Each structure stands twice: as C-alpha cells, then as structure tokens.
file target-v2.txt (compact mmCIF, C-alpha atoms)
# COMPACT_ATOMS: atom_id res chain seq x y z
CA MET H 17 -95.98 -25.48 8.06
CA LYS H 18 -96.38 -26.15 11.80
CA LYS H 19 -93.02 -27.90 11.91
CA VAL H 20 -91.39 -25.01 10.03
CA LEU H 21 -92.89 -22.47 12.43
CA LYS H 22 -91.72 -24.47 15.43
CA PHE H 23 -88.19 -24.65 14.02
CA VAL H 24 -88.17 -20.90 13.42
CA MET H 25 -89.36 -20.30 16.99
CA LEU H 26 -86.61 -22.49 18.41
CA PHE H 27 -84.02 -20.89 16.14
CA VAL H 28 -85.08 -17.47 17.40
CA ALA H 29 -84.78 -18.78 20.95
CA VAL H 30 -81.22 -19.91 20.32
CA LEU H 31 -80.27 -16.58 18.78
CA THR H 32 -81.91 -14.64 21.61
CA ILE H 33 -80.21 -16.56 24.41
CA THR H 34 -76.92 -16.47 22.50
CA ALA H 35 -77.20 -12.70 22.40
CA VAL H 36 -77.83 -12.61 26.14
CA PHE H 37 -74.78 -14.79 26.79
CA ALA H 38 -72.59 -12.69 24.52
CA ALA H 39 -73.70 -9.50 26.24
CA CYS H 40 -72.67 -10.96 29.60
CA THR H 41 -69.16 -11.95 28.58
CA ASN H 42 -66.12 -9.72 28.98
CA ASP H 43 -65.61 -9.51 25.22
CA THR H 44 -68.98 -8.16 24.14
CA THR H 45 -67.74 -7.54 20.61
CA ALA H 46 -67.03 -11.19 19.86
CA PRO H 47 -69.36 -12.31 17.06
CA THR H 48 -71.42 -15.46 17.29
CA VAL H 49 -70.56 -17.54 14.24
CA PRO H 50 -71.07 -21.15 13.18
CA VAL H 51 -68.64 -23.39 15.02
CA ASN H 52 -65.51 -24.25 13.10
CA ILE H 53 -64.08 -27.18 15.02
CA GLU H 54 -60.66 -27.04 13.43
CA THR H 55 -60.30 -23.33 14.17
CA ALA H 56 -61.77 -23.53 17.63
CA THR H 57 -59.79 -26.49 18.88
CA GLY H 58 -56.79 -26.86 16.61
CA SER H 59 -57.77 -30.31 15.39
CA ALA H 60 -60.66 -31.72 13.47
CA GLU H 61 -62.68 -34.52 15.04
CA THR H 62 -63.24 -37.85 13.39
CA ALA H 63 -66.39 -39.95 13.63
CA PRO H 64 -68.33 -39.02 16.76
CA ALA H 65 -68.87 -41.47 19.56
CA THR H 66 -72.61 -41.54 20.18
CA GLY H 67 -73.05 -44.47 22.55
CA GLY H 68 -73.25 -44.51 26.31
CA THR H 69 -71.94 -46.60 29.14
CA GLU H 70 -72.55 -47.57 32.69
CA MET H 71 -69.59 -47.16 34.96
CA GLU H 72 -68.59 -50.79 35.17
CA ASN H 73 -67.78 -50.79 31.45
CA GLU H 74 -64.28 -49.35 31.72
CA PRO H 75 -62.65 -47.78 29.89
CA VAL H 76 -65.53 -45.68 28.64
CA ASP H 77 -64.02 -44.91 25.26
CA GLN H 78 -60.42 -45.62 24.35
CA ALA H 79 -60.52 -42.86 21.74
CA GLY H 80 -61.84 -40.34 24.26
CA PHE H 81 -64.66 -37.84 23.87
CA ARG H 82 -65.03 -34.10 24.31
CA ILE H 83 -68.65 -33.69 25.39
CA ALA H 84 -70.17 -35.77 28.17
CA LEU H 85 -73.55 -36.16 29.80
CA VAL H 86 -73.55 -37.68 33.27
CA THR H 87 -77.10 -38.87 33.83
CA ASP H 88 -78.88 -39.40 37.09
CA TYR H 89 -80.08 -42.89 37.96
CA GLY H 90 -82.94 -42.59 35.43
CA GLY H 91 -80.69 -43.17 32.44
CA VAL H 92 -80.49 -41.42 29.10
CA ASP H 93 -83.71 -42.91 27.79
CA ASP H 94 -85.87 -41.86 30.74
CA GLY H 95 -88.37 -40.12 28.46
CA SER H 96 -87.76 -36.97 30.50
CA PHE H 97 -84.93 -34.68 31.63
CA ASN H 98 -81.93 -36.88 30.87
CA GLN H 99 -83.25 -37.65 27.42
CA GLY H 100 -83.85 -33.99 26.62
CA ALA H 101 -80.29 -33.10 27.63
CA TRP H 102 -78.86 -35.97 25.59
CA GLU H 103 -80.86 -34.98 22.51
CA GLY H 104 -79.36 -31.48 22.70
CA ILE H 105 -75.85 -32.91 22.96
CA VAL H 106 -76.35 -35.33 20.07
CA ALA H 107 -77.83 -32.62 17.84
CA PHE H 108 -74.90 -30.26 18.44
CA ALA H 109 -72.18 -32.90 18.35
CA GLU H 110 -73.37 -34.54 15.16
CA ALA H 111 -73.76 -31.17 13.45
CA ASN H 112 -70.15 -30.34 14.30
CA ALA H 113 -68.53 -33.81 14.26
CA ILE H 114 -67.53 -33.71 17.91
CA SER H 115 -67.09 -36.89 19.93
CA HIS H 116 -69.62 -37.31 22.72
CA GLN H 117 -70.70 -39.87 25.27
CA PHE H 118 -73.03 -40.36 28.19
CA ILE H 119 -72.23 -42.06 31.47
CA GLN H 120 -74.85 -43.53 33.77
CA PRO H 121 -73.69 -43.90 37.38
CA LEU H 122 -74.25 -47.22 39.08
CA ALA H 123 -76.07 -45.74 42.06
CA GLU H 124 -77.73 -42.58 43.32
CA SER H 125 -75.05 -41.01 45.49
CA ASP H 126 -72.71 -38.03 45.43
CA ALA H 127 -69.71 -40.36 45.38
CA GLU H 128 -70.97 -42.19 42.29
CA TYR H 129 -71.80 -38.93 40.50
CA ILE H 130 -68.31 -37.59 41.23
CA ASN H 131 -66.77 -40.87 40.02
CA ALA H 132 -68.74 -40.59 36.79
CA ILE H 133 -67.59 -37.00 36.30
CA GLU H 134 -63.98 -38.01 36.93
CA MET H 135 -64.33 -40.83 34.41
CA ALA H 136 -65.57 -38.35 31.81
CA VAL H 137 -62.68 -35.97 32.53
CA ASN H 138 -60.13 -38.78 32.28
CA SER H 139 -61.64 -39.71 28.93
CA GLY H 140 -61.01 -36.22 27.59
CA ALA H 141 -64.30 -34.42 28.23
CA GLU H 142 -63.84 -30.67 28.17
CA ILE H 143 -67.49 -29.86 28.89
CA ILE H 144 -69.88 -31.95 31.00
CA VAL H 145 -73.65 -31.61 31.27
CA ALA H 146 -75.34 -32.68 34.52
CA PRO H 147 -79.16 -32.73 34.71
CA GLY H 148 -80.93 -31.88 37.90
CA PHE H 149 -80.82 -31.26 41.63
CA LEU H 150 -79.16 -34.60 42.40
CA PHE H 151 -75.88 -33.05 41.18
CA THR H 152 -75.83 -30.03 43.48
CA THR H 153 -73.17 -31.46 45.82
CA ALA H 154 -71.27 -33.38 43.14
CA LEU H 155 -70.91 -30.26 40.99
CA TYR H 156 -69.81 -28.20 43.98
CA VAL H 157 -66.94 -30.67 44.46
CA ALA H 158 -66.20 -31.24 40.76
CA GLN H 159 -65.93 -27.56 39.82
CA GLY H 160 -62.97 -27.30 42.18
CA MET H 161 -61.44 -30.65 41.29
CA PHE H 162 -61.42 -29.90 37.56
CA PRO H 163 -61.04 -26.13 37.05
CA ASP H 164 -60.11 -26.57 33.37
CA VAL H 165 -63.35 -28.40 32.57
CA ASN H 166 -66.61 -26.54 31.94
CA PHE H 167 -69.86 -27.75 33.46
CA VAL H 168 -73.51 -27.16 32.60
CA LEU H 169 -75.83 -27.79 35.55
CA LEU H 170 -79.51 -27.94 34.64
CA ASP H 171 -82.23 -26.95 37.11
CA ALA H 172 -79.90 -26.62 40.10
CA SER H 173 -76.91 -24.77 41.56
CA PRO H 174 -73.72 -26.17 43.12
CA GLU H 175 -74.13 -26.22 46.90
CA ASP H 176 -71.81 -27.04 49.78
CA GLU H 177 -72.79 -29.28 52.69
CA ASN H 178 -74.51 -26.33 54.38
CA GLY H 179 -76.66 -25.50 51.37
CA ASN H 180 -74.63 -22.45 50.38
CA VAL H 181 -74.54 -21.83 46.62
CA HIS H 182 -71.14 -21.48 44.95
CA VAL H 183 -71.15 -21.17 41.14
CA GLY H 184 -67.60 -21.39 39.86
CA ASP H 185 -66.24 -19.63 36.79
CA ASN H 186 -66.32 -22.98 34.99
CA VAL H 187 -70.02 -23.60 35.67
CA VAL H 188 -73.19 -22.21 34.11
CA THR H 189 -76.51 -23.01 35.75
CA VAL H 190 -79.64 -23.22 33.62
CA PHE H 191 -83.15 -22.80 34.95
CA TYR H 192 -86.57 -22.86 33.33
CA ALA H 193 -89.81 -21.03 34.07
CA GLU H 194 -91.72 -24.17 35.08
CA GLU H 195 -94.50 -22.05 36.52
CA GLN H 196 -95.29 -20.80 33.01
CA SER H 197 -95.25 -24.27 31.47
CA GLY H 198 -97.39 -25.62 34.32
CA PHE H 199 -99.78 -22.68 33.92
CA LEU H 200 -100.27 -23.54 30.27
CA ALA H 201 -101.00 -27.17 31.16
CA GLY H 202 -103.60 -26.28 33.78
CA TYR H 203 -105.21 -23.68 31.54
CA ALA H 204 -105.41 -26.09 28.60
CA ALA H 205 -106.87 -28.89 30.74
CA VAL H 206 -109.77 -26.79 32.00
CA MET H 207 -110.38 -25.15 28.63
CA GLU H 208 -110.48 -28.64 27.11
CA GLY H 209 -113.32 -29.49 29.48
CA TYR H 210 -111.72 -31.39 32.37
CA ARG H 211 -113.04 -30.57 35.82
CA GLY H 212 -111.42 -33.26 37.98
CA LEU H 213 -107.66 -32.66 37.80
CA GLY H 214 -104.67 -34.18 39.54
CA PHE H 215 -101.03 -33.25 40.06
CA MET H 216 -98.39 -35.80 41.02
CA GLY H 217 -94.96 -34.29 41.55
CA GLY H 218 -91.80 -36.29 42.11
CA MET H 219 -90.49 -34.45 45.17
CA PRO H 220 -91.21 -31.05 46.75
CA MET H 221 -88.22 -29.38 45.14
CA PRO H 222 -88.42 -25.95 43.49
CA PRO H 223 -88.79 -26.95 39.80
CA VAL H 224 -91.46 -29.54 40.61
CA THR H 225 -93.33 -27.22 42.94
CA ARG H 226 -93.28 -24.45 40.35
CA PHE H 227 -94.82 -26.88 37.85
CA GLY H 228 -97.55 -27.74 40.35
CA TYR H 229 -98.32 -24.20 41.46
CA GLY H 230 -98.41 -23.00 37.85
CA PHE H 231 -100.79 -25.86 37.03
CA LEU H 232 -103.17 -24.72 39.78
CA GLU H 233 -103.01 -21.09 38.72
CA GLY H 234 -103.58 -21.95 35.07
CA ALA H 235 -106.63 -24.02 35.95
CA ASP H 236 -107.95 -21.20 38.14
CA TYR H 237 -107.43 -18.66 35.37
CA ALA H 238 -109.25 -20.83 32.83
CA ALA H 239 -112.14 -21.29 35.27
CA SER H 240 -112.51 -17.52 35.50
CA VAL H 241 -112.37 -17.16 31.71
CA LEU H 242 -115.15 -19.74 31.38
CA GLY H 243 -117.24 -18.18 34.14
CA LEU H 244 -117.23 -21.31 36.29
CA ASN H 245 -118.24 -21.34 39.94
CA GLN H 246 -115.98 -21.99 42.90
CA GLY H 247 -115.50 -25.73 43.29
CA ASP H 248 -116.47 -26.60 39.71
CA VAL H 249 -112.81 -27.51 39.21
CA THR H 250 -111.04 -29.65 41.81
CA VAL H 251 -107.40 -30.71 41.91
CA ASN H 252 -105.85 -33.57 43.88
CA PHE H 253 -102.27 -32.55 44.67
CA THR H 254 -99.42 -34.69 45.99
CA TYR H 255 -95.72 -35.51 45.82
CA VAL H 256 -94.92 -39.19 45.33
CA MET H 257 -91.41 -38.72 46.83
CA THR H 258 -89.55 -40.45 44.01
CA PHE H 259 -88.72 -40.08 40.35
CA ALA H 260 -88.83 -43.82 39.74
CA PRO H 261 -91.88 -45.81 38.61
CA SER H 262 -93.55 -48.11 41.11
CA PRO H 263 -96.73 -50.19 41.54
CA GLU H 264 -97.67 -47.98 44.49
CA ILE H 265 -97.76 -44.85 42.33
CA ALA H 266 -99.84 -46.64 39.70
CA ALA H 267 -102.24 -47.76 42.43
CA GLN H 268 -102.55 -44.24 43.83
CA ALA H 269 -103.20 -42.78 40.40
CA GLY H 270 -105.70 -45.52 39.71
CA ALA H 271 -107.54 -44.68 42.93
CA TRP H 272 -107.70 -41.03 41.89
CA PHE H 273 -109.11 -41.95 38.50
CA ALA H 274 -111.67 -44.26 40.12
CA SER H 275 -112.84 -41.43 42.39
CA GLY H 276 -113.43 -38.94 39.58
CA THR H 277 -110.07 -37.50 38.54
CA GLU H 278 -110.07 -37.16 34.76
CA VAL H 279 -106.51 -36.08 34.01
CA ILE H 280 -103.26 -36.15 36.01
CA PHE H 281 -100.27 -33.91 35.35
CA ALA H 282 -97.26 -36.09 36.22
CA ALA H 283 -94.20 -33.92 36.91
CA ALA H 284 -92.28 -36.85 38.29
CA GLY H 285 -89.68 -38.04 35.80
CA GLY H 286 -89.76 -41.80 35.38
CA ALA H 287 -92.53 -42.09 37.97
CA GLY H 288 -94.79 -40.56 35.37
CA PHE H 289 -94.82 -43.87 33.52
CA SER H 290 -96.74 -45.38 36.43
CA VAL H 291 -99.32 -42.61 36.08
CA PHE H 292 -99.59 -43.21 32.34
CA ASN H 293 -100.14 -46.92 32.92
CA ALA H 294 -102.90 -46.15 35.40
CA ALA H 295 -104.51 -43.75 32.93
CA GLU H 296 -104.50 -46.44 30.26
CA ALA H 297 -106.13 -48.93 32.62
CA ALA H 298 -108.79 -46.41 33.64
CA GLY H 299 -109.45 -44.97 30.20
CA ALA H 300 -108.41 -41.58 31.57
CA SER H 301 -105.92 -38.90 30.51
CA ALA H 302 -102.51 -37.61 31.54
CA ILE H 303 -100.17 -34.69 30.91
CA GLY H 304 -96.47 -35.31 30.34
CA VAL H 305 -93.53 -33.18 31.41
CA ASP H 306 -90.13 -31.82 30.34
CA ILE H 307 -90.11 -33.30 26.82
CA ASP H 308 -92.90 -34.33 24.45
CA GLN H 309 -94.09 -37.61 25.93
CA ALA H 310 -96.96 -38.17 23.49
CA PRO H 311 -95.27 -41.27 21.98
CA VAL H 312 -95.15 -42.90 25.43
CA SER H 313 -98.91 -43.32 25.84
CA HIS H 314 -102.08 -42.55 23.92
CA THR H 315 -103.49 -41.13 27.17
CA ILE H 316 -101.14 -38.11 27.10
CA ILE H 317 -103.12 -35.12 25.85
CA THR H 318 -100.08 -32.80 25.88
CA SER H 319 -96.78 -32.24 27.70
CA ALA H 320 -95.54 -29.24 29.68
CA LEU H 321 -92.24 -28.63 27.94
CA LYS H 322 -88.89 -27.25 28.89
CA GLU H 323 -86.77 -26.72 25.80
CA ILE H 324 -83.93 -28.64 27.42
CA SER H 325 -82.30 -29.68 24.19
CA VAL H 326 -82.32 -26.11 22.89
CA SER H 327 -80.67 -24.74 26.03
CA VAL H 328 -77.99 -27.44 25.99
CA TYR H 329 -77.34 -26.92 22.28
CA ASP H 330 -76.98 -23.19 22.76
CA ILE H 331 -74.53 -23.41 25.66
CA LEU H 332 -72.41 -25.95 23.80
CA THR H 333 -72.29 -23.45 20.95
CA GLU H 334 -71.06 -20.78 23.33
CA HIS H 335 -68.41 -23.10 24.76
CA PHE H 336 -66.96 -24.05 21.40
CA ASN H 337 -67.06 -20.42 20.24
CA GLY H 338 -64.98 -19.46 23.28
CA ASN H 339 -67.84 -17.58 24.98
CA PHE H 340 -68.77 -20.00 27.75
CA PRO H 341 -70.84 -17.98 30.28
CA GLY H 342 -69.12 -19.39 33.36
CA GLY H 343 -70.28 -18.21 36.77
CA GLN H 344 -73.69 -17.20 35.45
CA SER H 345 -77.28 -18.42 35.79
CA VAL H 346 -79.71 -18.27 32.89
CA ILE H 347 -83.48 -18.66 32.91
CA PHE H 348 -85.27 -19.97 29.82
CA ASP H 349 -88.85 -18.69 29.86
CA ALA H 350 -91.71 -18.04 27.46
CA SER H 351 -90.11 -14.85 26.13
CA VAL H 352 -87.41 -16.95 24.43
CA TYR H 353 -89.62 -20.01 23.86
CA GLY H 354 -87.80 -21.79 26.66
CA VAL H 355 -91.07 -23.31 27.91
CA SER H 356 -94.24 -24.28 26.08
CA LEU H 357 -96.90 -26.93 25.56
CA ALA H 358 -96.52 -29.74 23.06
CA MET H 359 -99.20 -28.67 20.57
CA ASP H 360 -98.08 -30.47 17.41
CA THR H 361 -98.77 -33.85 19.02
CA ALA H 362 -101.56 -32.76 21.37
CA ARG H 363 -104.73 -34.82 21.57
CA PHE H 364 -107.12 -31.99 22.38
CA GLN H 365 -110.70 -32.10 21.14
CA ASN H 366 -111.73 -28.58 22.19
CA PHE H 367 -108.68 -26.52 23.15
CA THR H 368 -107.39 -24.85 19.98
CA ARG H 369 -104.02 -23.62 18.83
CA GLU H 370 -105.47 -20.12 18.59
CA GLN H 371 -106.45 -20.24 22.26
CA TYR H 372 -103.00 -21.54 23.13
CA GLU H 373 -101.18 -18.85 21.20
CA ALA H 374 -103.34 -16.15 22.79
CA VAL H 375 -102.58 -17.21 26.36
CA PHE H 376 -98.92 -17.81 25.50
CA ALA H 377 -98.68 -14.24 24.20
CA ARG H 378 -100.04 -12.97 27.51
CA LEU H 379 -97.25 -14.83 29.31
CA VAL H 380 -94.66 -13.30 27.01
CA SER H 381 -96.02 -9.78 27.45
CA GLY H 382 -96.18 -10.10 31.22
CA GLU H 383 -99.95 -9.65 31.34
CA ILE H 384 -100.06 -13.03 33.10
CA VAL H 385 -97.37 -13.66 35.72
CA PRO H 386 -97.66 -17.06 37.43
CA THR H 387 -96.10 -17.44 40.86
CA ALA H 388 -92.43 -18.36 40.62
CA GLN H 389 -92.00 -18.85 44.36
CA SER H 390 -91.73 -22.41 45.57
CA ASP H 391 -91.28 -21.75 49.29
CA ILE H 392 -94.90 -20.79 49.90
CA SER H 393 -98.00 -22.86 50.58
CA ILE H 394 -100.88 -23.52 48.21
CA SER H 395 -103.10 -21.26 50.32
CA ASP H 396 -100.74 -18.39 49.52
CA LEU H 397 -101.64 -18.71 45.83
CA ASN H 398 -105.04 -17.15 46.59
CA LEU H 399 -106.89 -19.32 44.10
CA ALA H 400 -110.35 -17.90 43.48
CA LEU H 401 -112.25 -20.83 42.00
CA VAL H 402 -110.24 -24.03 42.05
CA VAL H 403 -110.51 -26.23 45.14
CA VAL H 404 -107.32 -28.16 45.96
CA ASN H 405 -107.17 -31.40 47.91
CA GLU H 406 -103.63 -31.83 49.22
CA MET H 407 -102.88 -35.52 49.66
call {"tool": "encode", "arguments": {"input": "target-v2.txt", "output": "structure tokens"}}
result
Amino acid sequence: MKKVLKFVMLFVAVLTITAVFAACTNDTTAPTVPVNIETATGSAETAPATGGTEMENEPVDQAGFRIALVTDYGGVDDGSFNQGAWEGIVAFAEANAISHQFIQPLAESDAEYINAIEMAVNSGAEIIVAPGFLFTTALYVAQGMFPDVNFVLLDASPEDENGNVHVGDNVVTVFYAEEQSGFLAGYAAVMEGYRGLGFMGGMPMPPVTRFGYGFLEGADYAASVLGLNQGDVTVNFTYVMTFAPSPEIAAQAGAWFASGTEVIFAAAGGAGFSVFNAAEAAGASAIGVDIDQAPVSHTIITSALKEISVSVYDILTEHFNGNFPGGQSVIFDASVYGVSLAMDTARFQNFTREQYEAVFARLVSGEIVPTAQSDISISDLNLALVVVNEM
C-alpha cells in the first residue's frame, strides 16, 4: 500500500507540473497525451541504447541516440544527482522505446563538458540533460552553438563569464526547494531523539546551502515542538569543498562522531560516501541526499530527497509532446511532491510516518516556510534553540 501511495503521489506530481508547463506555453490548448513516438517524430525507434561511455570511447554509438545525459565527473552511478537524472531518462526512454545514452567527460572543465555535449549532438541527441552547477558556463556556450537542440539544466542557470544569467529558448532550468527537504531532515533527526547533529555540505553553493539552512531550521522547529532548552541541540556545520570522497573527509567526520556528534547530514554528492564510512566505523548515523541512499549504508536513517527522476521524466514528456518549456525556470517543491524524505526505507525508531505527514502538510500549506535565501549568514536565520558550531 505504501508503494502504491508513493506512486500515486509521484503521478500527481507529474500531472501537476505538466499542467504548469502547458499553461506557460504559447499553445495553452494543446492536450497532454501519452507520447506516440511515431507520430511525434515521424519514425519509430528500435531497441534503445541504454549504456554509457567515457569520451575516449569514440564513436559513442554508431546507431546514434536521441536523449543524452552528460554527467559531471562523478559518473552516472554516483548514488546521487547524476544517478537520479539517469534513472529519469531510462524510465522515460524505455517506456517509449527511445534511444538514450550517457556520456561521462574525462575531466572537470568547461572545455570537456562542451566536448561531451558536442559528442552527444553529433550522435543525434535532440535533448540533453546536464546535472548541476558545473554546467553553468558550458550550457551558456552550448545553447548558442546548438540552437536546434533542447537542454535541461538541473539546479543551475546558464551564465556568461561575468556571472550574468542567459536562459535560451532551447533551455529549461529546473530547481528544487532544498530548504524544505533539509527542514524535514533536521526535524526528523531531532524528533527521532538525536541531539548532537552535523552538516557536511559539498561547497557553499545555493542548493547545498539551502539544504544546510533548512536542516538547521528543521532541527530548531523540532526543538521548540519538544519543549527543549537552548543548547540542548547542537549542530556542527561545514563545507568540505569537494563532491568527491576522500580520507580527509572520513577523518573529519570520524572526529565529529568521536566528540559527540550522533548523526551527520551529508549534502556532498560522492563525498557523502566518506561520511557514511566514518559513521559505520563509529557506530553512528547519517542522512543521505538527493536520492534514496539507504542501500548504500546501514547507517543512513533517511535521505533528503529531490524527485530528480520525476522532474526529468516530466520534461522529456513535454519535449516529445512538442511542449518543451524553453526559456523557463521551474521549481519542484513540496506542493508537487518535488522534495520529500525517504520514509519507505527509513530506519527511524521513534519518528513516525504520521508525524512526517503532519509536518509535510504544513510545508505544503505554507504554515511553515523555511528560508530559501542562500546569500545570508547562519546568524540571520534567528535560530531560537539550536546552537551551531561553524567549522
């Protein structure tokens, strides 16, 4: 029953966002219908290409492919953002028999990202998904280089060398209400009974900061609900300045655990694996991010989710229905189930689904509004009870 309910919630999310997209297009009367590949493109696809390649393996696919994911350096199986985007592509492509492929650049640089995009275009890609802020410059260049190709940029906007945002008619940018997802994680952790919390973000960029600030506000809100005193809940807070795992991050997390931290929220992509390893060694707990990371480690009590795969699936649907929302930005939040906690796989002993659904409903209604600003300091959050140690 839980799985059925979750599917219904996600289906409603898709329909809701689809309606928003349709309302924003010039032809507001165009119906949203199941994709008919033969009608939409003039030719039916054969068996889909579902593998991936690194750039040295040329050509990518002699038969070509129509949907492409260009990953960042983390790869498609990073257990985080890339993987969520790829899962959305695979789900849509396999449901509609459309060829698809992912390309992993050889290095972390704008030049390599642009090369990967060009490789996808030369292989026939008509829509390309790019996950994250590392593609801001590459997408700014690519949208002009390939005006007949549509792009989906997740969690970022195309920017020129001066930081000016330019979203072309062939680009849609997708954002998520990380502050809401982070709020749920912090609230759940304190309601579960944790008092020594930690937050390790990858880099001080807006999505990561929103996760962290929401985490602090959620913990503070739970402390007030429980009638705790100021200082009963403490949070170590830092950015590890990378999204890659390292022994140094594991050592830092281990030191936190040794000094009393009970659970760390790792909003750091692949670097989170170092935190999970440290939690395992210390017999402590962790909170995952972006996708459900429960299978990664038994220490993960829940994950702060962005429904990345749902958003990608929905925009691909719009593209192949001829309603691509180019030039627009879309935010997936709690009102369309665009963010949530992983409850089906959660390892809570005290925090209940009923408590989760109650606080989630208050986010949807607007009764609770976590801070969405990322350009402020922690002191500006005006936390009443939680004491934060910035590292």
call {"tool": "closest_atom_pairs", "arguments": {"input": "target-v2.txt", "of": "segment 86-155 of chain H", "to": "segment 250-270 of chain H", "cutoff": "12 Å", "atoms": "all atoms listed in the file", "output": "tab-separated table"}}
result
residue	atom	partner	partner_atom	distance
H:Asp88	CA	H:Phe259	CA	10.4
H:Tyr89	CA	H:Ala260	CA	9.0
H:Gly90	CA	H:Ala260	CA	7.4
H:Gly91	CA	H:Ala260	CA	11.0
H:Asp94	CA	H:Ala260	CA	9.7
H:Gly95	CA	H:Ala260	CA	11.9
H:Ser96	CA	H:Phe259	CA	10.4
H:Phe97	CA	H:Phe259	CA	10.9
H:Glu124	CA	H:Phe259	CA	11.7
H:Gly148	CA	H:Phe259	CA	11.6
H:Phe149	CA	H:Phe259	CA	11.9
H:Leu150	CA	H:Phe259	CA	11.2
call {"tool": "closest_residue", "arguments": {"input": "target-v2.txt", "among": "H:Ile83, H:Leu170, H:Asn138, H:Gly218", "to": "Ala113 of chain H", "atoms": "all atoms listed in the file"}}
result
H:Ile83
call {"tool": "atom_distance", "arguments": {"input": "target-v2.txt", "atom1": "atom CA of Ala84 of chain H", "atom2": "atom CA of Ile324 of chain H"}}
result
15.5 Å
call {"tool": "closest_residue", "arguments": {"input": "target-v2.txt", "among": "H:Gln159, H:Thr277, H:Asn166, H:Ser301", "to": "Ile331 of chain H", "atoms": "all atoms listed in the file"}}
result
H:Asn166
call {"tool": "closest_residue", "arguments": {"input": "target-v2.txt", "among": "H:Tyr192, H:Phe336, H:Phe118, H:Phe289", "to": "Val224 of chain H", "atoms": "all atoms listed in the file"}}
result
H:Tyr192
call {"tool": "residues_around", "arguments": {"input": "target-v2.txt", "residues": "Ile133 of chain H", "least_positions_apart": "2", "cutoff": "12 Å", "atoms": "all atoms listed in the file", "output": "compact mmCIF listing (two decimals) with C-alpha atoms, in the coordinates of the input"}}
result
# COMPACT_ATOMS: atom_id res chain seq x y z
CA MET H 71 -69.59 -47.16 34.96
CA VAL H 76 -65.53 -45.68 28.64
CA ILE H 83 -68.65 -33.69 25.39
CA ALA H 84 -70.17 -35.77 28.17
CA LEU H 85 -73.55 -36.16 29.80
CA VAL H 86 -73.55 -37.68 33.27
CA THR H 87 -77.10 -38.87 33.83
CA ASP H 88 -78.88 -39.40 37.09
CA GLN H 117 -70.70 -39.87 25.27
CA PHE H 118 -73.03 -40.36 28.19
CA ILE H 119 -72.23 -42.06 31.47
CA GLN H 120 -74.85 -43.53 33.77
CA PRO H 121 -73.69 -43.90 37.38
CA ASP H 126 -72.71 -38.03 45.43
CA ALA H 127 -69.71 -40.36 45.38
CA GLU H 128 -70.97 -42.19 42.29
CA TYR H 129 -71.80 -38.93 40.50
CA ILE H 130 -68.31 -37.59 41.23
CA ASN H 131 -66.77 -40.87 40.02
CA MET H 135 -64.33 -40.83 34.41
CA ALA H 136 -65.57 -38.35 31.81
CA VAL H 137 -62.68 -35.97 32.53
CA ASN H 138 -60.13 -38.78 32.28
CA SER H 139 -61.64 -39.71 28.93
CA GLY H 140 -61.01 -36.22 27.59
CA ALA H 141 -64.30 -34.42 28.23
CA GLU H 142 -63.84 -30.67 28.17
CA ILE H 143 -67.49 -29.86 28.89
CA ILE H 144 -69.88 -31.95 31.00
CA VAL H 145 -73.65 -31.61 31.27
CA ALA H 146 -75.34 -32.68 34.52
CA PHE H 151 -75.88 -33.05 41.18
CA ALA H 154 -71.27 -33.38 43.14
CA LEU H 155 -70.91 -30.26 40.99
CA TYR H 156 -69.81 -28.20 43.98
CA VAL H 157 -66.94 -30.67 44.46
CA ALA H 158 -66.20 -31.24 40.76
CA GLN H 159 -65.93 -27.56 39.82
CA MET H 161 -61.44 -30.65 41.29
CA PHE H 162 -61.42 -29.90 37.56
CA VAL H 165 -63.35 -28.40 32.57
CA ASN H 166 -66.61 -26.54 31.94
CA PHE H 167 -69.86 -27.75 33.46
call {"tool": "closest_residue", "arguments": {"input": "target-v2.txt", "among": "H:Ala274, H:Arg226, H:Gly209, H:Gly214", "to": "Ala239 of chain H", "atoms": "all atoms listed in the file"}}
result
H:Gly209
call {"tool": "residues_around", "arguments": {"input": "target-v2.txt", "residues": "Ala302 of chain H", "least_positions_apart": "3", "cutoff": "9 Å", "atoms": "only C-alpha atoms", "output": "number ranges by chain"}}
result
H: 214, 278-282, 291-292, 295, 313, 315-319
call {"tool": "closest_residue", "arguments": {"input": "target-v2.txt", "among": "H:Ala235, H:Ala297, H:Ala374, H:Ile303", "to": "Val403 of chain H", "atoms": "all atoms listed in the file"}}
result
H:Ala235
call {"tool": "atom_distance", "arguments": {"input": "target-v2.txt", "atom1": "atom CA of Thr333 of chain H", "atom2": "atom CA of Asp360 of chain H"}}
result
27.0 Å
call {"tool": "closest_residue", "arguments": {"input": "target-v2.txt", "among": "H:Gln196, H:Asn405, H:Ser393, H:Ser327", "to": "Arg378 of chain H", "atoms": "all atoms listed in the file"}}
result
H:Gln196
call {"tool": "atom_distance", "arguments": {"input": "target-v2.txt", "atom1": "atom CA of Ala238 of chain H", "atom2": "atom CA of Ile392 of chain H"}}
result
22.3 Å
call {"tool": "residues_around", "arguments": {"input": "target-v2.txt", "residues": "Leu242 of chain H", "least_positions_apart": "2", "cutoff": "12 Å", "atoms": "all atoms listed in the file", "output": "PyMOL selection string"}}
result
chain H and resi 203-204+206-209+211+235-240+244-246+248-249+401
call {"tool": "residues_around", "arguments": {"input": "target-v2.txt", "residues": "Asp185 of chain H", "least_positions_apart": "2", "cutoff": "8 Å", "atoms": "only C-alpha atoms", "output": "PyMOL selection string"}}
result
chain H and resi 183+187-188+342-344
call {"tool": "residues_near_point", "arguments": {"input": "target-v2.txt", "point": "(-87.1, -27.5, 29.3)", "cutoff": "6 Å", "atoms": "all atoms listed in the file", "output": "list in words"}}
result
Asp306, Leu321, Lys322, Glu323, Ile324 and Val355 of chain H
call {"tool": "axis_aligned_box", "arguments": {"input": "target-v2.txt", "around": "segment 147-154 of chain H", "padding_each_side": "6 Å", "output": "AutoDock Vina command-line options"}}
result
--center_x -76.1 --center_y -32.3 --center_z 40.3 --size_x 21.7 --size_y 16.6 --size_z 23.1
call {"tool": "residues_near_point", "arguments": {"input": "target-v2.txt", "point": "(-99.6, -21.5, 38.1)", "cutoff": "7 Å", "atoms": "only C-alpha atoms", "output": "PyMOL selection string"}}
result
chain H and resi 195-196+198-199+228-234+386-387
